[in-house]
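Enquirer: Here it is, the structure, as structure tokens.
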Amino acid sequence: MKDKNYVLQTAPFRVPTNDGKLIEEHFGLASTKTSAFSVAHMIAPPHWSEPHQTPAFDEVTIVLRGKKQIEIDGEVVELTAGQTLLIKAGARIRYANPYDEECEYWSVCVPAFDISTVNRED
């Protein structure tokens with residue numbers, strides 16, 4: 001039997017978190033063992049933030065609704081619905097949602113998100 005030339009994702013991997021953030025990985029190391037890239041749907045609750053990190057992968061953020069604040073090498077960038085951002089590997093970043101409404105967005109990482117190469121400063 002021939003392998004199909006597509007993968008239909010009907011059950012993304014829900015990443016366990018303890019900070020109220022929803023992370024559903026559709027493609028990547030946790031969900032499909034894909035190492036070339038990862039695609040995840042996320043919802044960051046109001047007043048959420050992560051520690052600083054220096055990932056060894058590029059990351060594209062696509063905001064659907066709400067706002068997200070990203071500190072990149074000391075500069076603060078605010079993303080709003082409909083905006084996108086590419087952060088290159090090696091940048092020191094900190095993601096946050098300091099606002100009163102949740103932020104829904106997609107994240108694409110190349111190569112795939114890997115907890116061992118995100119280099120969090122926790």
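Labels for the structure tokens follow display order: chains A, B, ..., residues from 1 in each chain, ligands from 1.
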Show me, as a PyMOL selection string, the residues that have an atom within 12 Å of Val118 in chain A when counting only C-alpha atoms, minus same-chain residues fewer than 2 positions from it.
Expert: chain A and resi 50-59+89-94+109-116+120-122
Enquirer: Could you write out the selected residues, including C-alpha atoms, as a PDB file, in the first residue's frame?
Expert:
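So selection23.pdb came out as:
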ATOM      1  CA  GLU A  50       6.978  33.241  29.809  1.00  0.00           C
ATOM      2  CA  PRO A  51      10.593  33.536  30.949  1.00  0.00           C
ATOM      3  CA  HIS A  52      13.226  34.906  28.570  1.00  0.00           C
ATOM      4  CA  GLN A  53      14.549  32.401  26.048  1.00  0.00           C
ATOM      5  CA  THR A  54      17.036  32.197  23.173  1.00  0.00           C
ATOM      6  CA  PRO A  55      15.618  29.624  20.742  1.00  0.00           C
ATOM      7  CA  ALA A  56      17.790  27.827  18.199  1.00  0.00           C
ATOM      8  CA  PHE A  57      14.928  27.975  15.649  1.00  0.00           C
ATOM      9  CA  ASP A  58      13.097  30.658  13.664  1.00  0.00           C
ATOM     10  CA  GLU A  59       9.546  31.391  14.822  1.00  0.00           C
ATOM     11  CA  ALA A  89      17.024  31.905  15.771  1.00  0.00           C
ATOM     12  CA  GLY A  90      19.425  33.242  18.393  1.00  0.00           C
ATOM     13  CA  ALA A  91      17.373  36.293  19.415  1.00  0.00           C
ATOM     14  CA  ARG A  92      16.767  36.696  23.167  1.00  0.00           C
ATOM     15  CA  ILE A  93      12.982  36.902  23.490  1.00  0.00           C
ATOM     16  CA  ARG A  94      10.199  37.021  26.043  1.00  0.00           C
ATOM     17  CA  CYS A 109       8.849  27.092  14.067  1.00  0.00           C
ATOM     18  CA  VAL A 110      11.651  26.068  11.670  1.00  0.00           C
ATOM     19  CA  PRO A 111      13.111  23.635  12.575  1.00  0.00           C
ATOM     20  CA  ALA A 112      10.389  22.290  14.890  1.00  0.00           C
ATOM     21  CA  PHE A 113       9.934  23.602  18.425  1.00  0.00           C
ATOM     22  CA  ASP A 114      12.049  21.504  20.756  1.00  0.00           C
ATOM     23  CA  ILE A 115      12.154  22.070  24.505  1.00  0.00           C
ATOM     24  CA  SER A 116      15.878  21.200  24.427  1.00  0.00           C
ATOM     25  CA  ARG A 120      14.575  29.117  28.580  1.00  0.00           C
ATOM     26  CA  GLU A 121      16.073  31.129  31.399  1.00  0.00           C
ATOM     27  CA  ASP A 122      13.873  29.676  34.151  1.00  0.00           C
TER      28      ASP A 122
END
Enquirer: Between A:Tyr6, A:Trp48, A:Trp106, A:Phe37, which is the closest to Ile62 in chain A once you count only C-alpha atoms?
Expert: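 Using only C-alpha atoms, Ile62 in chain A sits closest to A:Trp106.
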Enquirer: If we count only C-alpha atoms, what is near Glu71 in chain A at a cut-off of 7 Å, once residues fewer than 3 positions away on the same chain are taken out, given as a PyMOL selection string?
Expert: chain A and resi 74-77+93-95
Enquirer: Please measure the separation of CA of Val108 in chain A and CA of Pro45 in chain A, giving the value in Å to one decimal.
Expert: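 Going from CA of Val108 in chain A over to CA of Pro45 in chain A covers 19.6 Å.
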Enquirer: Would you list, as a PyMOL selection string, the residues of chain A that end up in strand (DSSP E) under DSSP run on this structure's backbone?
Expert: chain A and resi 13-14+22-27+38-44+48-49+58-65+67-72+75-80+84-87+93-97+103-110
Enquirer: With distances taken over only C-alpha atoms, which of A:Ser107, A:Glu101, A:Ile87, A:Thr117 is nearest to His26 in chain A?
Expert: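 That would be A:Ser107, the residue with the smallest distance to His26 in chain A.
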